[in-house]
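*Asks:* Next up, query-v5.pdb (PDB, C-alpha atoms and all ligand atoms).
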ATOM      1  CA  MET Y   1     140.190 136.740 318.590
ATOM      2  CA  ALA Y   2     138.325 134.068 316.726
ATOM      3  CA  ILE Y   3     135.540 132.307 318.571
ATOM      4  CA  SER Y   4     137.358 128.986 318.149
ATOM      5  CA  GLU Y   5     140.515 130.143 319.979
ATOM      6  CA  LYS Y   6     141.177 128.711 323.419
ATOM      7  CA  ILE Y   7     140.909 131.184 326.311
ATOM      8  CA  THR Y   8     144.094 131.008 328.349
ATOM      9  CA  LYS Y   9     143.925 134.256 330.352
ATOM     10  CA  THR Y  10     140.679 134.286 332.314
ATOM     11  CA  THR Y  11     141.366 137.714 333.822
ATOM     12  CA  THR Y  12     141.463 139.471 330.465
ATOM     13  CA  PRO Y  13     138.082 140.480 329.040
ATOM     14  CA  THR Y  14     137.281 138.593 325.866
ATOM     15  CA  PHE Y  15     134.781 139.490 323.196
ATOM     16  CA  TRP Y  16     133.800 138.630 319.676
ATOM     17  CA  GLU Y  17     132.399 141.185 317.298
ATOM     18  CA  GLY Y  18     129.327 140.286 315.351
ATOM     19  CA  GLU Y  19     125.586 140.278 315.461
ATOM     20  CA  ILE Y  20     123.058 137.945 316.972
ATOM     21  CA  PRO Y  21     119.649 138.272 315.323
ATOM     22  CA  VAL Y  22     116.926 138.275 317.965
ATOM     23  CA  ASN Y  23     113.250 138.395 317.199
ATOM     24  CA  TYR Y  24     110.862 138.721 320.107
ATOM     25  CA  ILE Y  25     107.523 140.018 321.199
ATOM     26  CA  TYR Y  26     107.407 141.473 324.688
ATOM     27  CA  THR Y  27     104.184 141.130 326.623
ATOM     28  CA  PHE Y  28     103.344 142.640 329.970
ATOM     29  CA  GLY Y  29     101.763 139.420 331.203
ATOM     30  CA  LEU Y  30      98.393 139.292 332.958
ATOM     31  CA  ALA Y  31      99.343 141.461 335.944
ATOM     32  CA  GLY Y  32     101.314 143.932 333.840
ATOM     33  CA  GLU Y  33      98.469 144.353 331.379
ATOM     34  CA  THR Y  34      96.023 144.960 334.236
ATOM     35  CA  PHE Y  35      98.412 147.545 335.690
ATOM     36  CA  PHE Y  36      98.941 149.474 332.459
ATOM     37  CA  ARG Y  37      95.255 149.299 331.515
ATOM     38  CA  ALA Y  38      94.473 151.045 334.820
ATOM     39  CA  VAL Y  39      97.150 153.660 334.155
ATOM     40  CA  LYS Y  40      95.737 154.303 330.692
ATOM     41  CA  ASP Y  41      92.016 154.249 331.459
ATOM     42  CA  ARG Y  42      91.833 155.428 335.071
ATOM     43  CA  GLY Y  43      95.111 157.251 335.689
ATOM     44  CA  THR Y  44      95.943 155.191 338.737
ATOM     45  CA  PHE Y  45      98.159 152.332 339.895
ATOM     46  CA  LEU Y  46      96.891 148.875 340.872
ATOM     47  CA  ALA Y  47      98.634 146.457 343.224
ATOM     48  CA  THR Y  48      98.120 142.868 344.338
ATOM     49  CA  ARG Y  49      98.553 141.578 347.857
ATOM     50  CA  CYS Y  50      99.455 138.196 349.317
ATOM     51  CA  GLU Y  51      97.510 137.912 352.566
ATOM     52  CA  THR Y  52      99.607 134.908 353.641
ATOM     53  CA  CYS Y  53     102.923 136.738 353.357
ATOM     54  CA  GLY Y  54     101.613 140.241 354.004
ATOM     55  CA  VAL Y  55     103.307 141.638 350.908
ATOM     56  CA  THR Y  56     101.718 144.211 348.605
ATOM     57  CA  PHE Y  57     103.172 144.047 345.118
ATOM     58  CA  LEU Y  58     103.543 147.098 342.916
ATOM     59  CA  PRO Y  59     103.889 146.627 340.034
ATOM     60  CA  PRO Y  60     101.353 143.870 340.687
ATOM     61  CA  LYS Y  61     102.248 140.214 340.376
ATOM     62  CA  ALA Y  62      99.924 137.365 339.406
ATOM     63  CA  TYR Y  63     101.678 135.052 341.863
ATOM     64  CA  CYS Y  64     103.390 135.692 345.182
ATOM     65  CA  ASP Y  65     107.104 135.179 344.678
ATOM     66  CA  ARG Y  66     107.475 133.949 348.258
ATOM     67  CA  CYS Y  67     104.693 131.357 348.665
ATOM     68  CA  PHE Y  68     103.487 131.023 345.029
ATOM     69  CA  ALA Y  69      99.875 131.863 345.954
ATOM     70  CA  LYS Y  70      97.769 132.995 342.992
ATOM     71  CA  LEU Y  71      96.955 136.699 343.380
ATOM     72  CA  GLU Y  72      93.739 137.670 341.631
ATOM     73  CA  LYS Y  73      92.472 140.738 343.477
ATOM     74  CA  TYR Y  74      93.765 144.082 342.283
ATOM     75  CA  PHE Y  75      93.254 147.239 344.281
ATOM     76  CA  ASP Y  76      93.835 150.901 343.652
ATOM     77  CA  VAL Y  77      96.796 152.380 345.522
ATOM     78  CA  GLY Y  78      96.788 155.799 343.881
ATOM     79  CA  THR Y  79      99.858 157.447 342.391
ATOM     80  CA  THR Y  80     101.591 158.962 345.401
ATOM     81  CA  GLY Y  81     104.688 157.700 347.114
ATOM     82  CA  TRP Y  82     108.008 158.822 348.499
ATOM     83  CA  VAL Y  83     111.601 158.982 347.343
ATOM     84  CA  GLU Y  84     113.389 155.942 348.708
ATOM     85  CA  THR Y  85     116.643 156.677 346.924
ATOM     86  CA  PHE Y  86     117.853 158.677 343.965
ATOM     87  CA  THR Y  87     120.845 159.355 341.778
ATOM     88  CA  VAL Y  88     121.843 162.289 339.624
ATOM     89  CA  SER Y  89     122.878 161.841 336.026
ATOM     90  CA  PHE Y  90     125.224 164.473 334.589
ATOM     91  CA  LYS Y  91     126.186 162.623 331.410
ATOM     92  CA  ASN Y  92     124.375 161.440 328.299
ATOM     93  CA  MET Y  93     124.735 157.862 327.105
ATOM     94  CA  ASP Y  94     127.524 158.955 324.731
ATOM     95  CA  GLY Y  95     129.519 160.498 327.599
ATOM     96  CA  SER Y  96     128.767 164.124 326.705
ATOM     97  CA  ASP Y  97     127.508 166.509 329.385
ATOM     98  CA  LYS Y  98     123.767 166.913 329.859
ATOM     99  CA  LYS Y  99     122.424 170.453 329.496
ATOM    100  CA  ARG Y 100     121.018 170.002 333.002
ATOM    101  CA  PRO Y 101     121.312 167.048 335.380
ATOM    102  CA  ARG Y 102     118.434 164.569 335.582
ATOM    103  CA  ILE Y 103     117.391 162.841 338.764
ATOM    104  CA  LEU Y 104     116.403 159.192 338.653
ATOM    105  CA  ALA Y 105     114.616 157.951 341.767
ATOM    106  CA  MET Y 106     113.202 154.797 343.274
ATOM    107  CA  VAL Y 107     109.725 155.870 344.335
ATOM    108  CA  ARG Y 108     108.056 153.635 346.900
ATOM    109  CA  ILE Y 109     104.308 153.802 346.280
ATOM    110  CA  ASP Y 110     102.242 154.469 349.403
ATOM    111  CA  GLY Y 111     100.665 151.385 350.945
ATOM    112  CA  THR Y 112     102.815 148.950 348.959
ATOM    113  CA  ASP Y 113     106.072 147.090 349.274
ATOM    114  CA  GLY Y 114     106.998 148.002 345.714
ATOM    115  CA  GLY Y 115     107.736 150.991 343.632
ATOM    116  CA  ILE Y 116     108.749 152.471 340.338
ATOM    117  CA  ILE Y 117     112.113 153.766 339.163
ATOM    118  CA  HIS Y 118     111.596 156.954 337.197
ATOM    119  CA  TYR Y 119     112.745 160.538 336.707
ATOM    120  CA  LEU Y 120     111.858 163.301 339.156
ATOM    121  CA  GLN Y 121     110.575 166.491 337.567
ATOM    122  CA  GLY Y 122     109.466 169.909 338.733
ATOM    123  CA  ILE Y 123     111.360 169.701 342.003
ATOM    124  CA  PRO Y 124     114.263 172.101 342.570
ATOM    125  CA  PHE Y 125     117.496 170.126 342.620
ATOM    126  CA  ASP Y 126     118.496 171.254 346.110
ATOM    127  CA  GLU Y 127     115.082 170.342 347.573
ATOM    128  CA  ILE Y 128     115.197 166.670 346.635
ATOM    129  CA  ALA Y 129     115.547 164.516 349.733
ATOM    130  CA  LEU Y 130     115.100 160.941 350.802
ATOM    131  CA  GLY Y 131     111.583 160.383 352.091
ATOM    132  CA  MET Y 132     110.053 163.357 350.294
ATOM    133  CA  PRO Y 133     106.493 162.772 349.042
ATOM    134  CA  VAL Y 134     105.999 162.673 345.275
ATOM    135  CA  GLN Y 135     103.216 161.887 342.829
ATOM    136  CA  ALA Y 136     103.243 160.321 339.389
ATOM    137  CA  ILE Y 137     102.956 162.641 336.423
ATOM    138  CA  LEU Y 138     100.919 160.924 333.709
ATOM    139  CA  LYS Y 139     100.382 161.915 330.125
ATOM    140  CA  PRO Y 140      96.981 163.436 329.396
ATOM    141  CA  LYS Y 141      94.420 160.614 329.088
ATOM    142  CA  ALA Y 142      93.947 161.093 325.343
ATOM    143  CA  GLU Y 143      97.683 160.566 324.777
ATOM    144  CA  ARG Y 144      98.099 157.409 326.894
ATOM    145  CA  THR Y 145      98.805 154.166 325.069
ATOM    146  CA  GLY Y 146      98.868 151.664 327.930
ATOM    147  CA  GLY Y 147     102.647 151.480 328.337
ATOM    148  CA  ILE Y 148     105.419 152.660 330.614
ATOM    149  CA  GLU Y 149     105.698 155.928 328.698
ATOM    150  CA  ASP Y 150     102.259 156.902 330.003
ATOM    151  CA  ILE Y 151     104.143 157.666 333.206
ATOM    152  CA  VAL Y 152     106.167 160.807 332.458
ATOM    153  CA  GLY Y 153     107.879 160.890 335.851
ATOM    154  CA  PHE Y 154     107.258 161.900 339.437
ATOM    155  CA  GLY Y 155     106.851 165.405 340.785
ATOM    156  CA  PRO Y 156     105.493 167.321 343.763
ATOM    157  CA  VAL Y 157     102.251 165.981 345.291
ATOM    158  CA  ARG Y 158      99.277 167.840 343.854
ATOM    159  CA  LYS Y 159      96.651 168.891 346.372
TER     160      LYS Y 159
HETATM  161 ZN    ZN Y 201     102.784 134.864 349.638
END
As structure tokens, how would this structure be written, given the file I've shared?
Ligand SMILES: [Zn+2]
*Replies:*
Amino acid sequence: MAISEKITKTTTPTFWEGEIPVNYIYTFGLAGETFFRAVKDRGTFLATRCETCGVTFLPPKAYCDRCFAKLEKYFDVGTTGWVETFTVSFKNMDGSDKKRPRILAMVRIDGTDGGIIHYLQGIPFDEIALGMPVQAILKPKAERTGGIEDIVGFGPVRK
């Protein structure tokens, strides 16, 4: 179908093959940079809190998305949390079978209203449960670059 043709059947998916050149530079923003700098340098997570709304943001936000208050105080919330929900992936992106299933979880970080979606590791498949405590697994400090890949996943809470 050429892009100039009139669409007459709105229930039939339509597409045009081609390429759209996109050049961009992604930045974390002020709050994101503060968060990843703490992960890299201190091995911990920082959050912001809106005292008016009583919401603790993790990842931190520079502004409350409910009342638009500027949030400037960051505080350490550690790297532990609990499994709020999870899913199991048996297939690779190309549809082939994975050698072993991977578990992707939404981990709610303790003391916050937010969380991080990441892989669970080092937990036997049949022991994974909603509400189970977990802790972030970070790369060794010397290998951290200040990005999301500094967080390897979540695993059992270390004592
Ligand atoms: Zn607020």
*Asks:* Can you tell me which residues come within 10 Å of ligand ZN 201 (chain Y) when counting only C-alpha atoms and all ligand atoms, ideally as a list of chain:residue names?
*Replies:* Y:Arg49, Y:Cys50, Y:Glu51, Y:Thr52, Y:Cys53, Y:Gly54, Y:Val55, Y:Thr56, Y:Tyr63, Y:Cys64, Y:Asp65, Y:Arg66, Y:Cys67, Y:Phe68, Y:Ala69, Y:Lys70, Y:Leu71
*Asks:* Do you know which residues the PyMOL selection byres (((chain Y and resi 89-102) around 12) and not hetatm) returns on this file, as an MDAnalysis selection string?
*Replies:* chainID Y and resid 86:88 103:105 118:126 128 153
*Asks:* I'd like to see the residues matched by the PyMOL selection byres (((chain Y and resi 23-37) around 10) and not hetatm) on this file, and ideally I'd get them as a count of residues only.
*Replies:* 31
*Asks:* Name the residues that the PyMOL selection byres (((chain Y and resi 109) around 7) and not hetatm) pulls out of this structure, and write them as a PyMOL selection string.
*Replies:* chain Y and resi 79-82+107-108+110-112+114-115
*Asks:* Quick check, in Å to one decimal: how far apart do CA of Pro156 (chain Y) and CA of Phe75 (chain Y) lie?
*Replies:*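 Between CA of Pro156 (chain Y) and CA of Phe75 (chain Y) the gap is 23.5 Å.
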*Asks:* Have a look at CA of Ala142 (chain Y) and CA of Arg158 (chain Y) and let me know their distance in Å, one decimal.
*Replies:*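 Going from CA of Ala142 (chain Y) over to CA of Arg158 (chain Y), I get 20.4 Å.
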